[in-house]
file model.cif (mmCIF, C-alpha atoms)
data_work
loop_
_atom_site.label_atom_id
_atom_site.label_comp_id
_atom_site.auth_asym_id
_atom_site.auth_seq_id
_atom_site.Cartn_x
_atom_site.Cartn_y
_atom_site.Cartn_z
CA MET A 1 -123.09 131.59 -55.14
CA ASN A 2 -121.95 133.32 -58.29
CA LEU A 3 -121.14 136.96 -58.50
CA ILE A 4 -122.71 139.11 -61.11
CA PRO A 5 -120.02 141.17 -62.78
CA TRP A 6 -120.48 144.87 -63.26
CA ARG A 7 -118.90 147.23 -65.70
CA THR A 8 -118.50 150.49 -63.91
CA LYS A 9 -115.82 150.57 -61.28
CA GLN A 10 -117.13 151.23 -57.83
CA SER A 11 -115.78 150.71 -54.39
CA ASP A 12 -115.52 147.17 -53.09
CA GLY A 13 -119.22 146.57 -53.57
CA GLY A 14 -118.73 143.32 -55.43
CA GLN A 15 -117.65 141.16 -52.58
CA THR A 16 -119.93 138.77 -50.84
CA LEU A 17 -120.65 139.50 -47.21
CA GLU A 18 -118.57 136.57 -46.01
CA THR A 19 -115.54 137.69 -47.98
CA GLY A 20 -115.86 141.23 -46.69
CA LEU A 21 -116.13 140.08 -43.09
CA SER A 22 -113.23 137.67 -43.32
CA ARG A 23 -111.11 140.42 -44.85
CA LEU A 24 -112.05 142.78 -42.04
CA ARG A 25 -111.09 140.11 -39.58
CA GLY A 26 -107.78 139.64 -41.36
CA GLU A 27 -107.07 143.34 -41.17
CA MET A 28 -107.90 143.45 -37.46
CA ASP A 29 -105.55 140.52 -36.92
CA ASP A 30 -102.82 142.39 -38.79
CA LEU A 31 -103.40 145.45 -36.65
CA PHE A 32 -102.97 143.51 -33.42
CA GLU A 33 -100.00 141.69 -34.82
CA ARG A 34 -98.30 144.94 -35.74
CA PHE A 35 -99.12 146.44 -32.37
CA LEU A 36 -97.65 143.51 -30.47
CA ARG A 37 -94.56 143.31 -32.61
CA TYR A 38 -93.89 146.96 -33.36
CA PRO A 39 -95.70 149.10 -30.78
CA VAL A 40 -93.91 152.20 -32.06
CA ASP A 41 -96.03 151.99 -35.20
CA LEU A 42 -99.23 152.86 -33.41
CA ALA A 43 -97.56 155.58 -31.40
CA MET A 44 -97.70 157.76 -34.50
CA PRO A 45 -100.58 160.12 -35.07
CA ALA A 46 -103.51 158.33 -36.64
CA ALA A 47 -103.84 160.78 -39.50
CA PHE A 48 -100.24 160.22 -40.44
CA ARG A 49 -100.78 156.49 -40.83
CA ALA A 50 -104.11 156.56 -42.54
CA LEU A 51 -103.16 158.43 -45.70
CA GLY A 52 -101.27 157.17 -48.68
CA PRO A 53 -99.31 153.98 -49.20
CA ARG A 54 -98.00 152.14 -46.18
CA LEU A 55 -94.29 152.24 -45.52
CA ASP A 56 -91.45 151.02 -43.40
CA LEU A 57 -89.02 153.49 -41.90
CA ALA A 58 -85.69 152.29 -40.54
CA GLU A 59 -82.76 154.21 -39.18
CA SER A 60 -79.14 153.13 -38.87
CA ASP A 61 -76.04 155.09 -37.87
CA ASN A 62 -75.42 156.31 -41.40
CA GLU A 63 -78.73 156.38 -43.17
CA VAL A 64 -82.48 156.34 -43.08
CA ILE A 65 -84.21 153.70 -45.21
CA VAL A 66 -87.81 154.01 -46.34
CA LYS A 67 -89.62 151.12 -48.03
CA VAL A 68 -93.00 151.52 -49.67
CA GLU A 69 -95.24 148.85 -51.15
CA LEU A 70 -96.34 150.16 -54.53
CA PRO A 71 -97.22 147.18 -56.72
CA GLY A 72 -97.80 147.80 -60.40
CA ILE A 73 -96.69 151.37 -60.64
CA ASP A 74 -94.56 152.93 -63.35
CA PRO A 75 -91.44 154.31 -61.61
CA LYS A 76 -91.68 157.36 -63.88
CA ASP A 77 -94.97 158.25 -62.22
CA VAL A 78 -93.40 158.53 -58.77
CA GLU A 79 -92.03 161.79 -57.49
CA ILE A 80 -89.79 161.84 -54.44
CA ASN A 81 -88.91 165.10 -52.73
CA VAL A 82 -86.88 165.88 -49.67
CA VAL A 83 -87.36 169.31 -48.18
CA GLY A 84 -85.73 169.87 -44.83
CA ASN A 85 -86.70 166.98 -42.63
CA VAL A 86 -89.70 165.92 -44.63
CA LEU A 87 -89.83 163.24 -47.31
CA THR A 88 -92.71 163.61 -49.74
CA LEU A 89 -93.94 160.88 -52.06
CA ARG A 90 -96.34 161.65 -54.78
CA GLY A 91 -97.50 159.54 -57.69
CA GLU A 92 -100.20 157.95 -59.65
CA LYS A 93 -101.07 154.36 -60.40
CA LYS A 94 -102.69 154.10 -63.77
CA GLN A 95 -105.04 151.39 -64.87
CA ASP A 96 -103.51 148.98 -67.34
CA ARG A 97 -104.79 148.96 -70.90
CA GLN A 98 -105.60 145.26 -70.75
CA GLU A 99 -107.97 145.89 -67.87
CA ARG A 100 -110.29 148.15 -69.79
CA GLY A 101 -113.44 146.95 -71.50
CA ARG A 102 -113.87 143.84 -69.44
CA ASP A 103 -116.43 142.64 -66.97
CA PHE A 104 -115.36 142.67 -63.35
CA HIS A 105 -115.71 139.77 -60.95
CA PHE A 106 -113.45 141.19 -58.24
CA VAL A 107 -112.05 144.69 -57.90
CA GLU A 108 -109.87 145.08 -54.84
CA ARG A 109 -106.67 146.60 -56.12
CA GLN A 110 -106.41 150.33 -55.87
CA TYR A 111 -105.77 152.88 -58.56
CA GLY A 112 -105.34 156.59 -58.65
CA SER A 113 -103.01 159.13 -57.19
CA PHE A 114 -101.40 159.08 -53.80
CA HIS A 115 -99.51 161.59 -51.74
CA ARG A 116 -97.69 161.14 -48.52
CA SER A 117 -95.33 163.22 -46.41
CA VAL A 118 -93.15 161.56 -43.82
CA PRO A 119 -91.23 163.43 -41.13
CA LEU A 120 -87.68 162.05 -40.99
CA PRO A 121 -85.97 161.39 -37.67
CA THR A 122 -82.82 163.37 -38.56
CA THR A 123 -81.40 165.73 -41.13
CA VAL A 124 -80.45 163.92 -44.33
CA ASP A 125 -78.11 164.82 -47.16
CA SER A 126 -80.72 165.51 -49.81
CA ASP A 127 -78.14 165.45 -52.65
CA LYS A 128 -77.30 161.81 -51.99
CA VAL A 129 -80.76 160.35 -51.70
CA SER A 130 -81.26 157.33 -53.95
CA ALA A 131 -84.31 155.26 -54.78
CA GLU A 132 -84.78 151.82 -56.29
CA TYR A 133 -87.96 150.07 -57.46
CA LYS A 134 -87.95 146.30 -57.48
CA GLY A 135 -90.73 143.75 -57.38
CA GLY A 136 -93.34 146.32 -56.46
CA VAL A 137 -91.39 147.67 -53.51
CA LEU A 138 -89.83 151.12 -53.61
CA THR A 139 -86.73 151.52 -51.43
CA ILE A 140 -85.46 155.00 -50.69
CA THR A 141 -82.04 155.36 -49.08
CA LEU A 142 -81.37 158.69 -47.40
CA PRO A 143 -77.80 159.13 -46.13
CA LYS A 144 -77.64 161.18 -42.98
CA HIS A 145 -76.18 164.64 -42.97
CA PRO A 146 -72.62 164.46 -41.57
CA GLY A 147 -73.64 166.62 -38.63
CA ALA A 148 -76.46 164.25 -37.72
CA LYS A 149 -74.34 161.11 -37.48
CA PRO A 150 -73.70 159.84 -33.99
CA LYS A 151 -70.22 160.61 -32.75
CA ARG A 152 -68.61 158.55 -30.09
CA ILE A 153 -66.82 160.61 -27.53
CA PRO A 154 -64.17 158.77 -25.61
CA VAL A 155 -63.79 159.57 -21.94
CA ARG A 156 -60.21 159.87 -20.84
CA THR A 157 -58.94 159.28 -17.39
CA GLN A 158 -55.93 161.03 -16.03
CA MET B 1 -121.57 138.74 -71.50
CA THR B 2 -120.13 136.44 -68.90
CA THR B 3 -119.73 132.73 -69.25
CA ALA B 4 -117.21 132.09 -66.50
CA THR B 5 -117.52 132.24 -62.75
CA ALA B 6 -115.01 133.15 -60.10
CA VAL B 7 -115.89 132.59 -56.48
CA GLU B 8 -113.60 132.90 -53.54
CA LYS B 9 -112.84 129.59 -51.96
CA ARG B 10 -114.17 129.56 -48.41
CA GLU B 11 -111.58 129.50 -45.75
CA GLY B 12 -111.81 126.69 -43.29
CA LYS B 13 -110.55 123.15 -43.37
CA VAL B 14 -108.74 123.70 -46.64
CA ARG B 15 -106.54 126.34 -45.05
CA PRO B 16 -102.95 125.55 -46.02
CA GLU B 17 -100.71 124.11 -43.40
CA PRO B 18 -97.97 126.67 -42.86
CA THR B 19 -94.62 124.96 -43.24
CA ARG B 20 -92.67 127.84 -41.80
CA GLY B 21 -93.21 130.69 -39.43
CA GLY B 22 -94.63 134.06 -40.29
CA ARG B 23 -98.03 135.30 -41.28
CA ILE B 24 -99.90 134.57 -44.48
CA TYR B 25 -101.54 137.47 -46.25
CA SER B 26 -104.40 137.52 -48.68
CA PRO B 27 -103.38 139.55 -51.75
CA ASN B 28 -105.75 142.08 -53.25
CA VAL B 29 -106.97 140.82 -56.60
CA ASP B 30 -108.88 141.97 -59.62
CA ILE B 31 -110.61 139.31 -61.69
CA LEU B 32 -111.72 140.47 -65.10
CA GLU B 33 -113.38 138.72 -67.97
CA ASN B 34 -113.66 139.19 -71.69
CA ARG B 35 -114.81 136.90 -74.48
CA GLU B 36 -111.61 134.90 -74.57
CA GLU B 37 -110.45 134.55 -71.01
CA LEU B 38 -110.55 135.37 -67.35
CA LEU B 39 -107.73 137.62 -66.24
CA LEU B 40 -106.55 137.63 -62.66
CA LEU B 41 -104.35 140.40 -61.29
CA ALA B 42 -102.91 140.11 -57.81
CA ASP B 43 -100.74 142.51 -55.85
CA VAL B 44 -97.81 140.52 -54.51
CA PRO B 45 -95.18 143.14 -53.69
CA GLY B 46 -91.82 141.74 -52.71
CA ALA B 47 -92.34 138.28 -54.23
CA ARG B 48 -89.73 136.93 -56.63
CA PRO B 49 -91.01 135.17 -59.79
CA GLU B 50 -89.38 131.86 -58.79
CA ASP B 51 -91.17 131.92 -55.44
CA ILE B 52 -94.67 132.17 -56.89
CA ASN B 53 -96.61 128.96 -57.12
CA ILE B 54 -99.86 128.75 -59.11
CA GLN B 55 -101.95 125.60 -59.18
CA TYR B 56 -105.12 124.78 -61.02
CA GLU B 57 -106.90 121.62 -60.01
CA ASN B 58 -110.55 120.59 -60.27
CA GLY B 59 -111.57 124.10 -61.17
CA GLU B 60 -109.75 125.56 -58.20
CA LEU B 61 -107.01 128.11 -58.70
CA THR B 62 -104.53 128.55 -55.87
CA ILE B 63 -101.91 131.26 -55.69
CA HIS B 64 -99.11 131.05 -53.22
CA ALA B 65 -96.19 133.47 -53.17
CA ARG B 66 -93.33 133.02 -50.78
CA VAL B 67 -92.00 136.24 -49.35
CA ASP B 68 -89.19 136.35 -46.86
CA SER B 69 -90.25 138.05 -43.70
CA ARG B 70 -88.94 141.46 -42.81
CA THR B 71 -85.21 141.32 -42.19
CA GLU B 72 -83.40 143.70 -39.96
CA VAL B 73 -81.10 145.86 -42.08
CA GLY B 74 -77.79 145.62 -40.31
CA GLU B 75 -77.97 147.69 -37.18
CA ALA B 76 -80.90 149.69 -38.43
CA GLN B 77 -83.78 150.21 -36.08
CA PHE B 78 -87.32 150.27 -37.35
CA LEU B 79 -89.20 153.44 -36.55
CA ALA B 80 -92.30 152.46 -38.48
CA CYS B 81 -93.55 149.12 -39.81
CA GLU B 82 -96.89 149.80 -41.35
CA TYR B 83 -97.31 146.88 -43.68
CA GLY B 84 -97.08 143.19 -43.03
CA VAL B 85 -94.45 141.10 -44.74
CA GLY B 86 -95.13 137.43 -45.33
CA ASP B 87 -96.40 134.84 -47.77
CA PHE B 88 -99.41 135.52 -49.97
CA HIS B 89 -102.07 132.87 -50.38
CA ARG B 90 -105.51 132.81 -51.94
CA SER B 91 -107.80 130.33 -53.70
CA PHE B 92 -110.67 130.70 -56.11
CA GLN B 93 -113.22 128.29 -57.51
CA LEU B 94 -113.40 129.01 -61.21
CA GLY B 95 -115.84 126.45 -62.56
CA GLU B 96 -115.32 124.13 -65.49
CA SER B 97 -114.99 126.68 -68.24
CA ILE B 98 -111.21 127.16 -68.13
CA ASP B 99 -108.85 125.42 -70.53
CA ASN B 100 -106.18 124.37 -68.05
CA SER B 101 -103.57 123.56 -70.68
CA LYS B 102 -103.44 127.20 -71.78
CA ILE B 103 -103.11 128.95 -68.43
CA HIS B 104 -100.10 131.23 -68.34
CA ALA B 105 -98.83 133.78 -65.86
CA LYS B 106 -96.24 136.47 -65.43
CA VAL B 107 -95.16 138.86 -62.72
CA LYS B 108 -94.00 142.42 -63.16
CA ASP B 109 -93.45 145.15 -60.62
CA GLY B 110 -95.11 143.15 -57.88
CA VAL B 111 -98.26 142.46 -59.87
CA LEU B 112 -99.02 138.87 -60.79
CA THR B 113 -101.04 138.44 -63.98
CA VAL B 114 -102.69 135.08 -64.66
CA HIS B 115 -104.38 134.49 -68.00
CA LEU B 116 -107.08 131.83 -67.82
CA PRO B 117 -108.36 131.14 -71.34
CA LYS B 118 -111.86 129.73 -71.65
CA THR B 119 -112.57 126.43 -73.33
CA GLU B 120 -113.94 126.62 -76.85
CA ALA B 121 -117.26 125.24 -75.65
CA VAL B 122 -118.12 128.26 -73.53
CA LYS B 123 -116.80 131.02 -75.77
CA PRO B 124 -119.62 133.07 -77.17
CA ARG B 125 -120.03 132.37 -80.84
CA LYS B 126 -121.70 134.48 -83.43
CA ILE B 127 -123.72 132.49 -85.87
CA ALA B 128 -123.96 133.83 -89.34
CA VAL B 129 -127.40 133.85 -90.85
CA LYS B 130 -127.50 132.89 -94.48
CA THR B 131 -130.24 133.61 -96.90
CA ALA B 132 -131.76 130.61 -98.54
#

call {"tool": "encode", "arguments": {"input": "model.cif", "output": "structure tokens"}}
result
Amino acid sequence: MNLIPWRTKQSDGGQTLETGLSRLRGEMDDLFERFLRYPVDLAMPAAFRALGPRLDLAESDNEVIVKVELPGIDPKDVEINVVGNVLTLRGEKKQDRQERGRDFHFVERQYGSFHRSVPLPTTVDSDKVSAEYKGGVLTITLPKHPGAKPKRIPVRTQ
Amino acid sequence: MTTATAVEKREGKVRPEPTRGGRIYSPNVDILENREELLLLADVPGARPEDINIQYENGELTIHARVDSRTEVGEAQFLACEYGVGDFHRSFQLGESIDNSKIHAKVKDGVLTVHLPKTEAVKPRKIAVKTA
């Protein structure tokens, strides 16, 4: 079965039924996989997960690390803000020049702007936040505020 | 004007045998066409260029990108893991119209671009009309 290409970009209407169903199945499998491996993921409010790019959030004694999958974005088009305990990501993925004026067989990759706010588990030192973009993955390192670091209190005996 | 075809290879018996643990993900792709070539764009975030394997055989294009599974960062604890990390794999049946000696690919910012030039035989040709 051949696909008939179309010129105007629409939602995923170009896939065959089989492809669409197998992708849905794949996504359901992923969902179960994530639930079994990282149950904390689904403990978050649904609305919080549904919007914007998907991310990883990890916390160590000294810092909070956020990783976001953002393939094919210009780092200049990403805006990262930390206000209080909330990290906000905002940006836009623009369509490449070489992609214009062609017929489409498959269109699955997403374009356009995104916006996402993430509540952080602790207070971070917003002056020392750093971000790195490599291989389509954005890594944001947020050092914890000195007051928020765990302090070990020794118990003395007399 | 389209002269090439791109059809997803059906999953089934040709499913690759995983040689190591972890899940295999199907990357999102765009396949575009102009007069000269088919252009395939695939999102493969986290894959290094040396770990991407592209094969073209009997009209079938296979993309496989090796991605190391999520590693624990020192003593860090994950509070959210929303995306899956693992290898990317996908195959397409492209028909006979691709000149396999001229296929070239590059990866930048997690996006794999594969140029698949058409053979001369299927390129649309404009024929000049002369007056007698």

call {"tool": "closest_atom_pairs", "arguments": {"input": "model.cif", "of": "chain B", "to": "chain A", "cutoff": "6 Å", "atoms": "all atoms listed in the file", "output": "JSON lines"}}
result
{"residue": "B:Asn28", "atom": "CA", "partner": "A:Glu108", "partner_atom": "CA", "distance": 5.3}
{"residue": "B:Val29", "atom": "CA", "partner": "A:Glu108", "partner_atom": "CA", "distance": 5.4}
{"residue": "B:Asp30", "atom": "CA", "partner": "A:Val107", "partner_atom": "CA", "distance": 4.5}
{"residue": "B:Ile31", "atom": "CA", "partner": "A:Phe106", "partner_atom": "CA", "distance": 4.8}
{"residue": "B:Leu32", "atom": "CA", "partner": "A:Phe104", "partner_atom": "CA", "distance": 4.6}
{"residue": "B:Glu33", "atom": "CA", "partner": "A:Asp103", "partner_atom": "CA", "distance": 5.1}
{"residue": "B:Asn34", "atom": "CA", "partner": "A:Arg102", "partner_atom": "CA", "distance": 5.2}
{"residue": "B:Asp43", "atom": "CA", "partner": "A:Pro71", "partner_atom": "CA", "distance": 5.9}
{"residue": "B:Pro45", "atom": "CA", "partner": "A:Gly136", "partner_atom": "CA", "distance": 4.6}
{"residue": "B:Gly46", "atom": "CA", "partner": "A:Gly135", "partner_atom": "CA", "distance": 5.2}
{"residue": "B:Glu75", "atom": "CA", "partner": "A:Ser60", "partner_atom": "CA", "distance": 5.8}
{"residue": "B:Ala76", "atom": "CA", "partner": "A:Ser60", "partner_atom": "CA", "distance": 3.9}
{"residue": "B:Gln77", "atom": "CA", "partner": "A:Glu59", "partner_atom": "CA", "distance": 5.2}
{"residue": "B:Phe78", "atom": "CA", "partner": "A:Ala58", "partner_atom": "CA", "distance": 4.1}
{"residue": "B:Leu79", "atom": "CA", "partner": "A:Leu57", "partner_atom": "CA", "distance": 5.4}
{"residue": "B:Ala80", "atom": "CA", "partner": "A:Leu57", "partner_atom": "CA", "distance": 4.8}
{"residue": "B:Cys81", "atom": "CA", "partner": "A:Asp56", "partner_atom": "CA", "distance": 4.6}
{"residue": "B:Glu82", "atom": "CA", "partner": "A:Arg54", "partner_atom": "CA", "distance": 5.5}
{"residue": "B:Tyr83", "atom": "CA", "partner": "A:Arg54", "partner_atom": "CA", "distance": 5.9}
{"residue": "B:Asp109", "atom": "CA", "partner": "A:Gly136", "partner_atom": "CA", "distance": 4.3}
{"residue": "B:Gly110", "atom": "CA", "partner": "A:Gly136", "partner_atom": "CA", "distance": 3.9}
{"residue": "B:Val111", "atom": "CA", "partner": "A:Gly72", "partner_atom": "CA", "distance": 5.4}

call {"tool": "closest_residue", "arguments": {"input": "model.cif", "among": "B:Leu40, B:Val7, B:Ile127, B:Val122", "to": "Ala105 in chain B", "atoms": "all atoms listed in the file"}}
result
B:Leu40

call {"tool": "atom_distance", "arguments": {"input": "model.cif", "atom1": "CA of Ser91 in chain B", "atom2": "CA of Gln55 in chain B"}}
result
9.3 Å

call {"tool": "atom_distance", "arguments": {"input": "model.cif", "atom1": "CA of Asp77 in chain A", "atom2": "CA of Leu89 in chain A"}}
result
10.5 Å

call {"tool": "atom_distance", "arguments": {"input": "model.cif", "atom1": "CA of Val86 in chain A", "atom2": "CA of Arg152 in chain A"}}
result
26.7 Å

call {"tool": "closest_residue", "arguments": {"input": "model.cif", "among": "B:Asp99, B:Glu50, B:Glu60, B:Glu36", "to": "Arg125 in chain B", "atoms": "only C-alpha atoms"}}
result
B:Glu36

call {"tool": "residues_near_point", "arguments": {"input": "model.cif", "point": "(-93.8, 131.3, -60.8)", "cutoff": "9 Å", "atoms": "all atoms listed in the file", "output": "count of residues only"}}
result
11

call {"tool": "residues_around", "arguments": {"input": "model.cif", "residues": "Gly147 in chain A", "least_positions_apart": "6", "cutoff": "10 Å", "atoms": "all atoms listed in the file", "output": "list of chain:residue names"}}
result
A:Thr122, A:Thr123, A:Val124, A:Asp125

call {"tool": "resolve_selection", "arguments": {"input": "model.cif", "expression": "the PyMOL selection byres ((chain B and resi 57) around 12)", "output": "ChimeraX atom specification"}}
result
/B:54-56,58-63,91-96,98-101,103

call {"tool": "write_last_selection", "arguments": {"input": "model.cif", "atoms": "C-alpha atoms", "output": "short mmCIF file (atom, residue, chain, number, x, y, z; two decimals), in the frame of the given file"}}
result
data_model
loop_
_atom_site.label_atom_id
_atom_site.label_comp_id
_atom_site.auth_asym_id
_atom_site.auth_seq_id
_atom_site.Cartn_x
_atom_site.Cartn_y
_atom_site.Cartn_z
CA ILE B 54 -99.86 128.75 -59.11
CA GLN B 55 -101.95 125.60 -59.18
CA TYR B 56 -105.12 124.78 -61.02
CA ASN B 58 -110.55 120.59 -60.27
CA GLY B 59 -111.57 124.10 -61.17
CA GLU B 60 -109.75 125.56 -58.20
CA LEU B 61 -107.01 128.11 -58.70
CA THR B 62 -104.53 128.55 -55.87
CA ILE B 63 -101.91 131.26 -55.69
CA SER B 91 -107.80 130.33 -53.70
CA PHE B 92 -110.67 130.70 -56.11
CA GLN B 93 -113.22 128.29 -57.51
CA LEU B 94 -113.40 129.01 -61.21
CA GLY B 95 -115.84 126.45 -62.56
CA GLU B 96 -115.32 124.13 -65.49
CA ILE B 98 -111.21 127.16 -68.13
CA ASP B 99 -108.85 125.42 -70.53
CA ASN B 100 -106.18 124.37 -68.05
CA SER B 101 -103.57 123.56 -70.68
CA ILE B 103 -103.11 128.95 -68.43
#
